[in-house]
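*Asks:* Take a look at work_8.cif, mmCIF, C-alpha atoms:
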```cif
data_query
#
loop_
_atom_site.label_atom_id
_atom_site.label_comp_id
_atom_site.auth_asym_id
_atom_site.auth_seq_id
_atom_site.Cartn_x
_atom_site.Cartn_y
_atom_site.Cartn_z
CA MET A 20 66.08 -20.78 63.39
CA ASN A 21 67.18 -22.35 66.63
CA ILE A 22 64.72 -21.35 69.35
CA LYS A 23 64.81 -23.21 72.65
CA PRO A 24 61.57 -23.19 74.65
CA GLU A 25 63.54 -23.11 77.90
CA ASP A 26 65.00 -19.74 76.84
CA LEU A 27 61.50 -18.33 76.83
CA GLN A 28 60.86 -19.54 80.35
CA LYS A 29 63.90 -17.82 81.94
CA THR A 30 62.34 -14.37 82.00
CA LYS A 31 59.71 -12.79 84.22
CA ARG A 32 58.29 -10.84 81.29
CA PRO A 33 54.90 -12.03 79.97
CA LEU A 34 55.49 -14.97 77.70
CA PHE A 35 53.63 -13.38 74.80
CA ALA A 36 55.99 -10.36 75.00
CA VAL A 37 59.01 -12.64 74.66
CA VAL A 38 57.44 -14.38 71.66
CA TYR A 39 56.66 -10.95 70.21
CA ASP A 40 60.35 -9.94 70.50
CA LYS A 41 61.51 -13.15 68.87
CA LEU A 42 59.07 -12.78 65.97
CA TYR A 43 59.89 -9.09 65.63
CA LYS A 44 63.58 -9.91 65.18
CA LEU A 45 62.83 -12.67 62.66
CA ILE A 46 60.74 -10.21 60.65
CA THR A 47 63.11 -7.25 60.77
CA ASP A 48 66.22 -9.31 59.98
CA GLY A 49 64.52 -10.72 56.87
CA THR A 50 64.09 -14.32 58.03
CA PHE A 51 60.41 -13.73 57.26
CA PRO A 52 60.58 -11.27 54.32
CA PRO A 53 57.83 -8.82 53.27
CA ASP A 54 54.76 -10.45 51.66
CA SER A 55 55.78 -13.90 52.90
CA ARG A 56 53.32 -16.06 54.79
CA LEU A 57 54.14 -16.94 58.38
CA PRO A 58 54.02 -20.60 59.42
CA THR A 59 50.62 -21.68 60.71
CA GLU A 60 49.67 -20.91 64.30
CA PRO A 61 50.14 -24.56 65.41
CA GLU A 62 53.59 -24.57 63.77
CA LEU A 63 54.61 -21.28 65.42
CA ALA A 64 53.26 -22.36 68.80
CA LYS A 65 55.31 -25.57 68.56
CA LEU A 66 58.38 -23.62 67.42
CA PHE A 67 58.26 -21.35 70.48
CA GLY A 68 56.98 -23.99 72.87
CA VAL A 69 53.95 -21.90 73.91
CA SER A 70 50.20 -22.23 73.77
CA ARG A 71 48.25 -20.94 70.81
CA MET A 72 46.62 -18.36 73.08
CA THR A 73 50.05 -16.96 73.99
CA LEU A 74 51.05 -16.96 70.34
CA ARG A 75 47.86 -15.12 69.35
CA HIS A 76 48.61 -12.39 71.89
CA ALA A 77 52.02 -11.90 70.25
CA LEU A 78 50.55 -11.93 66.73
CA SER A 79 47.91 -9.42 67.78
CA ARG A 80 50.61 -6.99 68.91
CA LEU A 81 52.50 -7.46 65.64
CA GLN A 82 49.30 -6.70 63.73
CA GLU A 83 48.78 -3.56 65.82
CA ASP A 84 52.33 -2.48 65.00
CA GLY A 85 51.78 -2.97 61.28
CA LEU A 86 54.30 -5.77 60.82
CA VAL A 87 51.81 -8.58 60.28
CA LYS A 88 48.40 -8.67 58.67
CA ASN A 89 45.87 -11.48 58.90
CA ILE A 90 43.98 -12.40 55.75
CA HIS A 91 40.86 -14.39 56.60
CA GLY A 92 41.14 -17.96 55.41
CA LYS A 93 44.73 -17.57 54.22
CA GLY A 94 46.85 -16.88 57.31
CA ASN A 95 49.27 -14.28 58.63
CA PHE A 96 51.48 -12.35 56.21
CA ILE A 97 54.43 -10.01 56.67
CA THR A 98 53.63 -6.50 55.47
CA LYS A 99 55.92 -4.26 53.47
CA PHE A 100 55.62 -1.61 56.15
CA HIS A 101 58.46 -0.93 58.56
CA HIS A 102 58.53 2.12 60.80
CA ASN A 103 60.55 4.96 59.35
CA LYS A 104 60.79 8.26 61.18
CA ASN A 105 61.06 10.01 57.80
CA MET A 106 57.80 8.52 56.55
CA THR A 107 55.16 11.14 55.80
CA GLY A 108 52.14 10.61 58.00
CA LEU A 109 48.80 12.28 58.48
CA GLU A 110 50.48 15.31 60.03
CA LYS A 111 51.37 16.49 56.49
CA LEU A 112 48.87 17.64 53.86
CA GLY A 113 48.25 14.91 51.30
CA ASN A 114 45.76 12.27 50.26
CA PRO A 115 45.44 9.85 53.22
CA ILE A 116 44.89 6.86 50.94
CA TYR A 117 48.45 7.04 49.62
CA LYS A 118 49.80 7.26 53.17
CA CYS A 119 47.61 4.76 54.99
CA LEU A 120 46.75 1.99 52.51
CA SER A 121 49.37 -0.75 52.38
CA GLY A 122 50.44 -1.91 48.94
CA LYS A 123 50.49 -0.28 45.53
CA ILE A 124 47.52 1.43 43.87
CA ASP A 125 47.28 0.71 40.14
CA ASP A 126 44.23 2.76 39.23
CA VAL A 127 41.55 5.10 40.58
CA GLU A 128 38.02 4.90 39.22
CA MET A 129 35.70 7.85 39.77
CA GLN A 130 32.08 8.77 39.22
CA PHE A 131 30.16 11.86 40.33
CA ARG A 132 26.70 13.37 40.39
CA ILE A 133 25.11 16.75 41.08
CA GLU A 134 22.77 16.75 44.08
CA LEU A 135 20.40 19.15 45.77
CA ILE A 136 21.60 20.73 48.99
CA SER A 137 21.01 18.50 52.02
CA ASP A 138 21.29 19.19 55.74
CA TYR A 139 24.33 16.90 55.71
CA ALA A 140 26.06 18.99 53.02
CA LYS A 141 25.26 22.22 54.87
CA GLN A 142 26.80 20.79 58.03
CA VAL A 143 30.07 19.48 56.54
CA LEU A 144 30.71 22.28 54.02
CA ASN A 145 29.44 25.16 56.17
CA ARG A 146 28.87 27.60 53.31
CA ASN A 147 26.21 29.09 51.05
CA MET A 148 25.71 26.99 47.92
CA THR A 149 23.15 26.17 45.26
CA ALA A 150 24.00 22.48 44.80
CA VAL A 151 26.70 19.95 45.66
CA VAL A 152 28.95 17.64 43.70
CA ALA A 153 29.05 14.13 45.22
CA ILE A 154 32.06 12.11 44.08
CA GLU A 155 32.87 8.43 44.60
CA ARG A 156 36.33 6.96 44.09
CA TRP A 157 37.51 3.35 44.07
CA TYR A 158 41.22 2.71 44.56
CA LYS A 159 42.26 -0.44 42.71
CA ARG A 160 45.04 -2.98 42.67
CA SER A 161 45.20 -5.68 39.98
CA ASP A 162 41.71 -4.59 38.89
CA GLN A 163 40.29 -5.18 42.38
CA ALA A 164 38.89 -2.34 44.51
CA VAL A 165 40.91 -2.12 47.75
CA ALA A 166 39.65 1.18 49.24
CA PHE A 167 36.82 3.65 48.77
CA ALA A 168 36.42 7.42 49.10
CA PHE A 169 33.38 9.67 49.12
CA THR A 170 33.77 13.40 48.53
CA VAL A 171 31.37 16.33 48.57
CA MET A 172 32.01 19.89 47.47
CA ALA A 173 29.84 22.90 46.71
CA ILE A 174 29.02 23.40 43.04
CA GLU A 175 30.49 26.89 43.47
CA ALA A 176 33.89 25.28 44.13
CA VAL A 177 33.91 24.00 40.53
CA SER A 178 34.39 27.52 39.18
CA GLU A 179 36.59 28.55 42.11
CA LEU A 180 38.98 25.74 41.20
CA ASN A 181 38.62 26.35 37.42
CA LEU A 182 37.27 22.85 36.89
CA ASP A 183 35.47 21.50 33.84
CA LEU A 184 33.02 18.79 34.92
CA GLN A 185 33.14 17.42 31.37
CA ASP A 186 36.79 16.52 32.00
CA ASP A 187 36.78 13.56 34.39
CA GLN A 188 40.58 13.32 34.54
CA GLN A 189 40.94 16.98 35.51
CA LEU A 190 38.39 16.54 38.31
CA LEU A 191 40.11 13.37 39.57
CA ASP A 192 43.56 14.98 39.48
CA MET A 193 42.24 17.94 41.46
CA ILE A 194 40.46 16.11 44.30
CA ASP A 195 42.97 13.26 44.50
CA LYS A 196 46.23 15.24 44.51
CA LYS A 197 46.30 18.88 43.38
CA ILE A 198 43.86 20.10 46.04
CA TYR A 199 46.52 19.32 48.66
CA GLU A 200 49.02 21.56 46.86
CA LEU A 201 46.50 24.43 46.92
CA ALA A 202 45.32 23.84 50.49
CA ASN A 203 46.70 25.61 53.54
CA SER A 204 45.25 23.24 56.15
CA ALA A 205 43.07 20.22 56.80
CA THR A 206 41.30 18.67 59.76
CA ILE A 207 41.22 14.89 60.18
CA GLU A 208 39.20 12.55 62.36
CA LEU A 209 40.02 8.86 62.74
CA LYS A 210 37.07 6.53 63.24
CA ARG A 211 36.09 2.89 62.79
CA SER A 212 33.25 1.62 60.63
CA ASP A 213 31.72 -1.82 60.25
CA SER A 214 30.70 -1.20 56.64
CA ILE A 215 32.03 0.38 53.45
CA PRO A 216 29.28 2.20 51.51
CA SER A 217 30.48 1.09 48.10
CA LEU A 218 27.60 -0.18 45.97
CA LYS A 219 29.53 -0.70 42.74
CA TYR A 220 32.37 -2.92 43.99
CA GLU A 221 33.00 -5.29 46.86
CA ILE A 222 35.96 -3.81 48.71
CA ALA A 223 36.93 -6.60 51.11
CA ASN A 224 35.56 -9.79 52.60
CA ASP A 225 36.04 -8.25 56.03
CA LYS A 226 33.94 -5.07 56.03
CA ASP A 227 35.56 -3.65 59.18
CA CYS A 228 37.53 -0.60 58.17
CA ASP A 229 39.33 2.49 59.35
CA LEU A 230 37.45 5.65 58.40
CA ILE A 231 39.41 8.86 57.84
CA VAL A 232 37.18 11.94 57.77
CA GLU A 233 38.89 14.97 56.27
CA SER A 234 37.98 18.61 55.65
CA VAL A 235 40.41 20.39 53.31
CA TYR A 236 40.73 24.19 53.51
CA ILE A 237 42.05 26.72 51.02
CA SER A 238 40.22 29.53 52.76
CA ASP A 239 39.83 29.66 56.52
CA LYS A 240 36.10 30.27 56.11
CA TYR A 241 34.95 26.81 55.01
CA PRO A 242 36.34 23.55 53.59
CA VAL A 243 36.68 23.39 49.82
CA ILE A 244 36.07 19.62 49.92
CA TYR A 245 34.98 17.10 52.53
CA ASN A 246 36.30 13.54 52.25
CA LYS A 247 35.54 10.18 53.83
CA PHE A 248 38.18 7.51 53.15
CA TYR A 249 37.33 3.87 53.91
CA ILE A 250 40.33 1.55 54.27
CA PRO A 251 39.82 -2.15 55.20
CA THR A 252 41.40 -2.83 58.58
CA GLU A 253 43.67 -5.55 57.21
CA SER A 254 45.19 -3.05 54.73
CA SER A 255 45.25 0.04 56.93
CA GLN A 256 48.52 1.40 58.30
CA ILE A 257 47.94 4.83 59.79
CA THR A 258 51.02 6.80 60.84
CA ILE A 259 51.23 10.12 62.68
CA ASN A 260 54.73 11.47 63.25
CA SER A 261 54.70 13.65 66.37
CA ALA A 262 57.47 16.12 67.15
CA LYS A 263 58.05 18.85 69.70
#
```
Rewrite the structure of this file - the entire thing - as structure tokens.
*Replies:*
Amino acid sequence: MNIKPEDLQKTKRPLFAVVYDKLYKLITDGTFPPDSRLPTEPELAKLFGVSRMTLRHALSRLQEDGLVKNIHGKGNFITKFHHNKNMTGLEKLGNPIYKCLSGKIDDVEMQFRIELISDYAKQVLNRNMTAVVAIERWYKRSDQAVAFAFTVMAIEAVSELNLDLQDDQQLLDMIDKKIYELANSATIELKRSDSIPSLKYEIANDKDCDLIVESVYISDKYPVIYNKFYIPTESSQITINSAK
């Protein structure tokens, strides 16, 4: 890399935007390959001949664009994500975890319980029911939990979907993937949360996360399941492909 600080000073554009462009090119041309660690902030600031504040503005934009992720205590790393107009985003039916969580998922651990009807369940499922099934899922990589999901569905949906609650794998396959093949629509809300309600596993050192709230419909009358997906901010890459 041969970057001359005086080249950065010849433009009227904000200095951080110029640094952003330079870093963007170095990332997309493979100089900094996916999963590699960027030089330290002092090293990058010296390389570009800018202040650390200017550099941080550029890095912040790269993080927003999904090209760089910051891991607390370790530094800035290049993600595997690059924008692709053919990438399936949240506009298509499918489990949001597999679309929005960066990196590979090795395993999904699940546990469930039968609960009495609550005002919360009545509100989110909007149907007559005698009990609810509350399901927790932990998405794992290298035996570490990297995301969490909480699902509720009416006990009546068990028979409607021909499920056997004695068969954990059948239940997991249904709510994790097959339900999206059966569904005709879903509604999604994107939120932020400062905590992940996982009691069994620590999900991330940084508890800030993106929260995807989803109601999945087979019938237009009420959702068959209601999901809340918690994805740590540093691993979240949400894409929505808009078209006219």
*Asks:* To one decimal place in Å, what is the distance between CA of Ser70 in chain A and CA of Pro33 in chain A?
*Replies:* 12.8 Å
*Asks:* Go ahead and fit an axis-aligned box to every listed atom of range 75-94 of chain A plus 8 Å each side, and pass me the centre and edge lengths in Å, one decimal, as lines of an AutoDock Vina configuration file.
*Replies:*
```
center_x = 47.6
center_y = -10.2
center_z = 63.1
size_x = 29.4
size_y = 31.5
size_z = 33.7
```
*Asks:* Point out the residue among A:Leu182, A:Glu221, A:Tyr139, A:Lys93 with the least atom-to-atom distance to Lys159 in chain A, counting all atoms listed in the file.
*Replies:*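 Closest residue, counting all atoms listed in the file: A:Glu221.
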*Asks:* If you count only C-alpha atoms, which residues fall within 8 Å of range 129-136 of chain A, apart from same-chain ones fewer than 2 positions away, as number ranges by chain?
*Replies:* A: 127, 138, 140-141, 148-157, 174, 187, 191
*Asks:* Apply the PyMOL selection byres ((chain A and resi 246) around 8) to the displayed file and report the matching residues as a PyMOL selection string.
*Replies:* chain A and resi 168-171+231-234+244-245+247-248
*Asks:* Could those residues be written to a file, using C-alpha atoms, as a PDB file, in the coordinates of the input?
*Replies:*
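Saved file result.pdb follows:
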```pdb
ATOM      1  CA  ALA A 168      36.420   7.420  49.100  1.00  0.00           C
ATOM      2  CA  PHE A 169      33.380   9.670  49.120  1.00  0.00           C
ATOM      3  CA  THR A 170      33.770  13.400  48.530  1.00  0.00           C
ATOM      4  CA  VAL A 171      31.370  16.330  48.570  1.00  0.00           C
ATOM      5  CA  ILE A 231      39.410   8.860  57.840  1.00  0.00           C
ATOM      6  CA  VAL A 232      37.180  11.940  57.770  1.00  0.00           C
ATOM      7  CA  GLU A 233      38.890  14.970  56.270  1.00  0.00           C
ATOM      8  CA  SER A 234      37.980  18.610  55.650  1.00  0.00           C
ATOM      9  CA  ILE A 244      36.070  19.620  49.920  1.00  0.00           C
ATOM     10  CA  TYR A 245      34.980  17.100  52.530  1.00  0.00           C
ATOM     11  CA  LYS A 247      35.540  10.180  53.830  1.00  0.00           C
ATOM     12  CA  PHE A 248      38.180   7.510  53.150  1.00  0.00           C
TER      13      PHE A 248
END
```
*Asks:* Select all residues near (38.9, 29.3, 43.0) (cut-off 12 Å, inclusive, file coordinates), counting only C-alpha atoms, and output them as a PDB file with C-alpha atoms, in the frame of the given file.
*Replies:*
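And here's out_24.pdb as it stands now:
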```pdb
ATOM      1  CA  ALA A 173      29.840  22.900  46.710  1.00  0.00           C
ATOM      2  CA  ILE A 174      29.020  23.400  43.040  1.00  0.00           C
ATOM      3  CA  GLU A 175      30.490  26.890  43.470  1.00  0.00           C
ATOM      4  CA  ALA A 176      33.890  25.280  44.130  1.00  0.00           C
ATOM      5  CA  VAL A 177      33.910  24.000  40.530  1.00  0.00           C
ATOM      6  CA  SER A 178      34.390  27.520  39.180  1.00  0.00           C
ATOM      7  CA  GLU A 179      36.590  28.550  42.110  1.00  0.00           C
ATOM      8  CA  LEU A 180      38.980  25.740  41.200  1.00  0.00           C
ATOM      9  CA  ASN A 181      38.620  26.350  37.420  1.00  0.00           C
ATOM     10  CA  LEU A 182      37.270  22.850  36.890  1.00  0.00           C
ATOM     11  CA  MET A 193      42.240  17.940  41.460  1.00  0.00           C
ATOM     12  CA  ILE A 198      43.860  20.100  46.040  1.00  0.00           C
ATOM     13  CA  LEU A 201      46.500  24.430  46.920  1.00  0.00           C
ATOM     14  CA  ALA A 202      45.320  23.840  50.490  1.00  0.00           C
ATOM     15  CA  TYR A 236      40.730  24.190  53.510  1.00  0.00           C
ATOM     16  CA  ILE A 237      42.050  26.720  51.020  1.00  0.00           C
ATOM     17  CA  SER A 238      40.220  29.530  52.760  1.00  0.00           C
ATOM     18  CA  VAL A 243      36.680  23.390  49.820  1.00  0.00           C
TER      19      VAL A 243
END
```
*Asks:* Here's the selection I'm unsure about, the PyMOL selection byres ((chain A and resi 69) around 10); applied to the file above, which residues does it give, as a PyMOL selection string?
*Replies:* chain A and resi 24+27-28+34-35+38+61+63-68+70-74
*Asks:* Which polymer residues have any atom within 9 Å of an atom of Val165 in chain A, counting all atoms listed in the file, with same-chain residues fewer than 6 positions away left out, as an mmCIF file with C-alpha atoms, keeping the file's coordinate frame?
*Replies:*
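around36.cif, freshly written:
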```
data_model
loop_
_atom_site.group_PDB
_atom_site.id
_atom_site.type_symbol
_atom_site.label_atom_id
_atom_site.label_comp_id
_atom_site.auth_asym_id
_atom_site.auth_seq_id
_atom_site.Cartn_x
_atom_site.Cartn_y
_atom_site.Cartn_z
ATOM 1 C CA LEU A 120 46.750 1.990 52.510
ATOM 2 C CA ILE A 124 47.520 1.430 43.870
ATOM 3 C CA TRP A 157 37.510 3.350 44.070
ATOM 4 C CA TYR A 158 41.220 2.710 44.560
ATOM 5 C CA LYS A 159 42.260 -0.440 42.710
ATOM 6 C CA GLU A 221 33.000 -5.290 46.860
ATOM 7 C CA ILE A 222 35.960 -3.810 48.710
ATOM 8 C CA ALA A 223 36.930 -6.600 51.110
ATOM 9 C CA ILE A 250 40.330 1.550 54.270
ATOM 10 C CA PRO A 251 39.820 -2.150 55.200
ATOM 11 C CA SER A 254 45.190 -3.050 54.730
#
```
*Asks:* For Gly49 in chain A, work out the shell of residues within 12 Å, counting all atoms listed in the file and skipping chain neighbours fewer than 4 positions away, then give it as a list in words.
*Replies:*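 In the requested form, the answer reads Leu42, Tyr43, Lys44, Leu45, Pro53, Asp54, Ser55, Ile97, Thr98, Lys99 and His101 of chain A.
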*Asks:* Excluding range 227-230 of chain A and any residue of its chain fewer than 6 positions from it, enumerate the residues within 9 Å of it, using only C-alpha atoms, and give them as a ChimeraX atom specification.
*Replies:* /A:208-215,247-255,257
*Asks:* What is the CA of Ser261 in chain A to CA of Asn95 in chain A distance in Å?
*Replies:*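 If I compute the distance from CA of Ser261 in chain A to CA of Asn95 in chain A, I get 29.5 Å.
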*Asks:* Just how far from CA of Ala166 in chain A is CA of Ser204 in chain A, in Å to one decimal?
*Replies:*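 Between CA of Ser204 in chain A and CA of Ala166 in chain A the gap works out to 23.8 Å.
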*Asks:* What's around Glu110 in chain A at 9 Å? Count all atoms listed in the file, leave out sequence neighbours fewer than 5 positions away in its own chain, and write the answer as a PyMOL selection string.
*Replies:* chain A and resi 258-261
*Asks:* Check the smallest atom-to-atom distance from each of A:Gln82, A:Thr206, A:Asn89, A:Thr47 to Thr59 in chain A using only C-alpha atoms, then report the winner.
*Replies:*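 Among the listed residues, the smallest separation from Thr59 in chain A belongs to A:Asn89.
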*Asks:* Mind completing range 31-42 of chain A with all heavy atoms? Output as a tab-separated table (two decimals), in the coordinates of the input, please?
*Replies:*
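So result24.tsv came out as:
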```tsv
chain	number	residue	atom	x	y	z
A	31	LYS	N	60.94	-13.09	83.50
A	31	LYS	CA	59.71	-12.79	84.22
A	31	LYS	C	58.75	-11.98	83.37
A	31	LYS	O	57.64	-11.67	83.80
A	31	LYS	CB	60.04	-12.03	85.51
A	31	LYS	CG	60.78	-12.88	86.54
A	31	LYS	CD	61.04	-12.08	87.81
A	31	LYS	CE	61.77	-12.93	88.83
A	31	LYS	NZ	62.03	-12.17	90.10
A	32	ARG	N	59.18	-11.57	82.19
A	32	ARG	CA	58.29	-10.84	81.29
A	32	ARG	C	57.16	-11.75	80.85
A	32	ARG	O	57.32	-12.98	80.80
A	32	ARG	CB	59.05	-10.37	80.05
A	32	ARG	CG	60.12	-9.34	80.32
A	32	ARG	CD	60.74	-8.89	79.02
A	32	ARG	NE	59.80	-8.19	78.18
A	32	ARG	CZ	59.85	-8.17	76.84
A	32	ARG	NH1	60.80	-8.85	76.21
A	32	ARG	NH2	58.97	-7.50	76.14
A	33	PRO	N	55.99	-11.19	80.50
A	33	PRO	CA	54.90	-12.03	79.97
A	33	PRO	C	55.41	-12.84	78.78
A	33	PRO	O	56.17	-12.34	77.94
A	33	PRO	CB	53.85	-11.01	79.55
A	33	PRO	CG	54.13	-9.80	80.38
A	33	PRO	CD	55.62	-9.77	80.56
A	34	LEU	N	54.99	-14.08	78.73
A	34	LEU	CA	55.49	-14.97	77.70
A	34	LEU	C	55.17	-14.46	76.29
A	34	LEU	O	55.99	-14.58	75.38
A	34	LEU	CB	54.90	-16.37	77.91
A	34	LEU	CG	55.67	-17.55	77.31
A	34	LEU	CD1	57.14	-17.52	77.69
A	34	LEU	CD2	55.03	-18.86	77.75
A	35	PHE	N	53.98	-13.86	76.13
A	35	PHE	CA	53.63	-13.38	74.80
A	35	PHE	C	54.56	-12.25	74.36
A	35	PHE	O	54.85	-12.10	73.17
A	35	PHE	CB	52.17	-12.91	74.75
A	35	PHE	CG	51.91	-11.57	75.36
A	35	PHE	CD1	52.09	-10.40	74.63
A	35	PHE	CD2	51.50	-11.46	76.67
A	35	PHE	CE1	51.85	-9.17	75.18
A	35	PHE	CE2	51.26	-10.22	77.24
A	35	PHE	CZ	51.43	-9.07	76.49
A	36	ALA	N	55.08	-11.45	75.33
A	36	ALA	CA	55.99	-10.36	75.00
A	36	ALA	C	57.33	-10.91	74.51
A	36	ALA	O	57.97	-10.34	73.61
A	36	ALA	CB	56.20	-9.46	76.21
A	37	VAL	N	57.76	-12.01	75.10
A	37	VAL	CA	59.01	-12.64	74.66
A	37	VAL	C	58.84	-13.20	73.24
A	37	VAL	O	59.72	-13.05	72.39
A	37	VAL	CB	59.42	-13.76	75.64
A	37	VAL	CG1	60.74	-14.39	75.19
A	37	VAL	CG2	59.57	-13.21	77.05
A	38	VAL	N	57.71	-13.85	73.00
A	38	VAL	CA	57.44	-14.38	71.66
A	38	VAL	C	57.37	-13.23	70.66
A	38	VAL	O	57.89	-13.33	69.54
A	38	VAL	CB	56.12	-15.19	71.65
A	38	VAL	CG1	55.77	-15.62	70.24
A	38	VAL	CG2	56.25	-16.40	72.56
A	39	TYR	N	56.74	-12.13	71.06
A	39	TYR	CA	56.66	-10.95	70.21
A	39	TYR	C	58.07	-10.51	69.80
A	39	TYR	O	58.35	-10.25	68.62
A	39	TYR	CB	55.95	-9.81	70.94
A	39	TYR	CG	56.03	-8.47	70.23
A	39	TYR	CD1	55.04	-8.07	69.36
A	39	TYR	CD2	57.13	-7.61	70.43
A	39	TYR	CE1	55.12	-6.84	68.71
A	39	TYR	CE2	57.22	-6.41	69.78
A	39	TYR	CZ	56.21	-6.02	68.92
A	39	TYR	OH	56.31	-4.82	68.27
A	40	ASP	N	58.98	-10.39	70.78
A	40	ASP	CA	60.35	-9.94	70.50
A	40	ASP	C	61.06	-10.88	69.53
A	40	ASP	O	61.78	-10.43	68.63
A	40	ASP	CB	61.15	-9.84	71.80
A	40	ASP	CG	60.69	-8.68	72.68
A	40	ASP	OD1	60.00	-7.78	72.17
A	40	ASP	OD2	61.02	-8.69	73.88
A	41	LYS	N	60.86	-12.17	69.75
A	41	LYS	CA	61.51	-13.15	68.87
A	41	LYS	C	60.99	-13.02	67.44
A	41	LYS	O	61.76	-13.03	66.47
A	41	LYS	CB	61.26	-14.57	69.39
A	41	LYS	CG	61.87	-14.87	70.76
A	41	LYS	CD	63.37	-15.03	70.68
A	41	LYS	CE	63.95	-15.49	72.02
A	41	LYS	NZ	65.41	-15.65	71.97
A	42	LEU	N	59.66	-12.92	67.30
A	42	LEU	CA	59.07	-12.78	65.97
A	42	LEU	C	59.47	-11.45	65.32
A	42	LEU	O	59.75	-11.39	64.13
A	42	LEU	CB	57.54	-12.88	66.06
A	42	LEU	CG	56.96	-14.30	66.10
A	42	LEU	CD1	55.48	-14.26	66.44
A	42	LEU	CD2	57.18	-15.00	64.77
```
